[in-house]
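Student: This is the structure I have questions about; it appears just below.
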Amino acid sequence: MFDSPTLIQLYIFVLAVFIGFDLITKVPPTLHTPLMSGSNAISGITILGAVLVAGRDDGLLGVILGFLAVVLATINVVGGFMVTDRMLQMFRKDPKSN
Amino acid sequence: MAEINFDLIIAAFYLVSAILFFYGLKQLGSPATAKSGNRLAALGMLIAVVVTLFDREIVRFEVIIAGVVVGSLIGVVMSRKIKMTAMPQLVAVFNGLGGAGSAVVASAEYFRLEGLETNIPIEISITIMLGTLIGAVTFSGSMIAFTKLQEIIGGSPFIFPLQKIVTALAFLVIAALIALLVIEPNLQLFYILVVICLLLGVLLVIPIGGADMPVVISLLNSYSGVAAAMAGFALGNVMLIIAGSLVGAAGLILTQIMIKAMNRSIFNVLFGAFGASAATATGESADKAVREASVEDAAISLGYAQTAIFVPGYGLAVARAQHQLKDLAELLGARGVDVRYAIHPVAGRMPGHMNVLLAEADVPYDQLYDLDEINSRFSETDIVVVIGANDVVNPAARDEAGSPIYGMPILEVDKSRQVLVLKRSLSPGFAGLDNELFYKDNTMMLFGDASESLANLITGVKEL
């Protein structure tokens with residue numbers, strides 16, 4: 001039944017979308033921005049693809065595009081997670097108890 | 001020695017990363033666990049990157065290391081230096097770069113396969129095209145959003161003749177190019193495709209006004225996930241598909257929440273060019289008078305109130321007045337006034353914008369109340385202070401069936417005993433609508449920069 005890898009990948013895609021919907025249906029507005037910037041950092045997952053492109057033996061164009069993709073994705077990942085962390089540090093219930 | 005099967009090891013660690021992403025995202029949805037959720041997701045990312053280095057296809061590391069070092073430096077500096085008032089811009093930029101990354105990855109895969117001179121399987125070429133398309137649209141759209149938020153170009157909708165036709169044409173041309181490229185690879189056509197995709201991102205975002213930015217930003221966030229997932233299909237990398245689709249879904253949920261809070265449809269936000277058509281609704285109220293308050297009057301009303309609710313809007317962010325606001329609230333709290341903040345879901349320029357601003361000023365988040373929690377309280381409130389908010393407190397959304405914003409849930413501040421509006425001038429809000437609230441008998445206007453007005457009020461209350 002599953003002799004096509006693309007078909008299995010399609011199953012994974014659809015199921016992950018459903019999990020994504022389910023995970024975050026009820027988020028308090030306080031967390032809308034951190035949720036957005038945190039999930040944005042996760043979308044930097046494309047760094048894996050960038051690493052594969054940059055690391056394989058595929059001529060000058062491959063090197064240039066690979067380097068570019070790694071830089072772009074790394075900014076997204078590192079910056080995204082760090083700024084989310086910085087934001088979340090600021091959220092507190094009562095300033096005196098912190 | 002037995003041969004190690006790296007593929008299997010990579011797959012096992014990818015599963016660990018995927019679980020960390022799921023769990024991290026779940027934790028990000030709750031205030032008590034959000035911080036650890038973000039760190040778990042970051043750990044998942046680190047694991048995924050490290051095990052990918054063991055992929056058989058990778059033969060050299062210099063380019064990877066150089067890219068990671070450069071990208072990390074830029075990312076660290078940007079995330080450290082940014083002011084909290086500029087957070088919407090930063091999110092837009094990061095988002096755009098992620099989209100660009102996916103587009104570049106998909107394009108690189110296309111160039112490689114094209115060079116092999118074998119047939120590219122149809123499902124691979126389609127996902128390459130979609131990854132390039134969505135990634136490029138995410139990139140150029142986010143950059144336009146950035147320039148709007150940074151106020152490099154105006155925040156108002158930018159409309160030109162035949163705009164919708166041009167946009168529709170761009171869609172058609174892209175669909176045709178993708179069909180041609182799937183049938184027969186062609187580098188020149190592919191370059192043209194990339195350019196038109198970038199153009200489409202511009203066309204889609206440029207007509208959207210500032211107050212619709214929360215919707216656009218969360219939608220672009222969703223796109224960046226989908227772009228990564230498409231790049232994952234193209235490369236046959238399951239991790240990209242899982243994480244990308246998670247983000248795609250999360251962004252869509254957030255978009256849905258924003259749209260609901262404005263009582264609009266996604267079609268209306270994307271293609272309605274809202275502000276432009278409504279601008280004609282002004283002008284009829286020239287004979288109505290507002291009551292301008294002196295700082296002393298306003299300070300007296302505040303200082304001797306028992307209950308006060310602050311309603312911040314985008315004007316607070318523009319004036320960077322969150323610290324003064326918090327100081328005034330604390331001063332009133334010390335005088336025994338019951339102080340709360342009412343936060344409209346689409347106040348500001350991104351989802352949760354006001355919450356971030358106030359958190360930066362150290363306002364405890366249990367003083368912040370949602371629309372549903374606070375609306376029943378306004379009728380028992382002595383004074384409401386509106387700081388740089390307009391459409392989200394416009395009673396027309398509730399009372400005037402003909403109003404363009406009719407049906408949008410508002411903060412019903414007009415039900416309180418007294419309203420103090422801090423505003424730069426009497427200019428209409430983003431929607432170009434006059435606000436009946438400003439002309440009500442129990443409304444006082446205090447014109448000027450929010451930061452200065454709040455500082456004056458602090459002095460005024462202290463002198464009581």
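Residues are named by chain letter and number: chains run A, B, ... in the order of the structure tokens, numbers start at 1 in each chain, and ligands are numbered from 1 in the order shown.
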Env of range 120-122 of chain B: 9 Å cut, atoms = only C-alpha atoms, seq-sep filter 5 positions within chain, self excluded. Answer as a list in words.

Tutor: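 Result of the neighbour search: Tyr110, Leu113, Glu114, Thr127, Val182, Ile183 and Pro185 of chain B.
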
Student: Write a file of the selected residues as a PDB file, in the first residue's frame, keeping C-alpha atoms.

Tutor:
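File again_6.pdb, as written:
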```pdb
ATOM      1  CA  TYR B 110      15.708  22.285  -8.599  1.00  0.00           C
ATOM      2  CA  LEU B 113      17.959  17.873 -10.346  1.00  0.00           C
ATOM      3  CA  GLU B 114      17.881  19.882 -13.550  1.00  0.00           C
ATOM      4  CA  THR B 127       6.636  20.511  -4.333  1.00  0.00           C
ATOM      5  CA  VAL B 182       6.517  20.463 -14.322  1.00  0.00           C
ATOM      6  CA  ILE B 183       6.141  19.236 -17.907  1.00  0.00           C
ATOM      7  CA  PRO B 185      12.408  21.732 -16.829  1.00  0.00           C
TER       8      PRO B 185
END
```

Student: Got a sec to pull out which chain B residues are within 6 Å of chain A, counting only C-alpha atoms, and send them as a ChimeraX atom specification?

Tutor: /B:26,28-29,35,49,57-61,63-64,67-68,71-72,75-76,79,94,97-98,101-102,104-105,225,228,240-242,244-247,249-250,351-352,355,359-360,364-366

Student: If you run DSSP on the backbone, which residues of range 149-367 of chain B are strand (DSSP E), as a list in words?

Tutor: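 The residues of range 149-367 of chain B classed as strand (DSSP E) are Thr307, Ala308, Ile309, Phe310, Val311, Pro312, Asp338, Val339, Arg340, Tyr341, Ala342 and Ile343 of chain B.
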
Student: From a backbone DSSP assignment, name each residue in chain A labelled alpha helix (DSSP H), as an MDAnalysis selection string.

Tutor: chainID A and resid 5:23 32:42 47:55 59:74 80:90

Student: Please measure the separation of CA of Thr443 in chain B and CA of Val419 in chain B, giving the value in Å to one decimal.

Tutor: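 About the pair CA of Thr443 in chain B and CA of Val419 in chain B: they are 4.6 Å apart.
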
Student: Work out how far apart CA of Phe267 in chain B and CA of Leu25 in chain B are and give it in Å to one decimal.

Tutor: 27.9 Å

Student: Please identify all polymer residues within 7 Å of Met258 in chain B, counting only C-alpha atoms, omitting same-chain residues fewer than 5 positions from it, and present them as JSON, numbers by chain.

Tutor: {"B": [214, 215, 345, 346]}

Student: I want to know what sits within 12 Å of Asn5 in chain B, based on only C-alpha atoms, with residues of the same chain fewer than 4 positions away left out; could you give that as a list in words?

Tutor: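 Within the cut-off, the hits are Ile9, Ile10, Ala11, Ala12, Phe54, Asp55 and Arg56 of chain B.
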
Student: Just the number, please: distance in Å from CA of Thr85 in chain B to CA of Gly210 in chain B, one decimal.

Tutor: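 Atom-to-atom, CA of Thr85 in chain B to CA of Gly210 in chain B, that is 15.2 Å.
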
Student: With only C-alpha atoms as the atoms that count, which of B:Gly135, B:Gly348, B:Pro31, B:Pro207 lies nearest to Pro88 in chain B?

Tutor: B:Gly348

Student: Residues near Leu357 in chain B, anyone? I mean within 7 Å using only C-alpha atoms, not counting same-chain ones fewer than 4 positions away, as a list in words.

Tutor: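 After dropping sequence-adjacent residues, the list is Met84, Thr85, Gln322, His353 and Ala361 of chain B.
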
Student: Could you please take those selected residues and save C-alpha atoms as a compact mmCIF listing (two decimals), in the first residue's frame?

Tutor:
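Generated file (selection_8.txt):
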```txt
# COMPACT_ATOMS: atom_id res chain seq x y z
CA MET B 84 10.10 45.75 22.55
CA THR B 85 8.18 48.46 20.70
CA GLN B 322 4.17 51.91 28.31
CA HIS B 353 1.17 43.29 20.88
CA ALA B 361 7.03 47.78 31.51
```
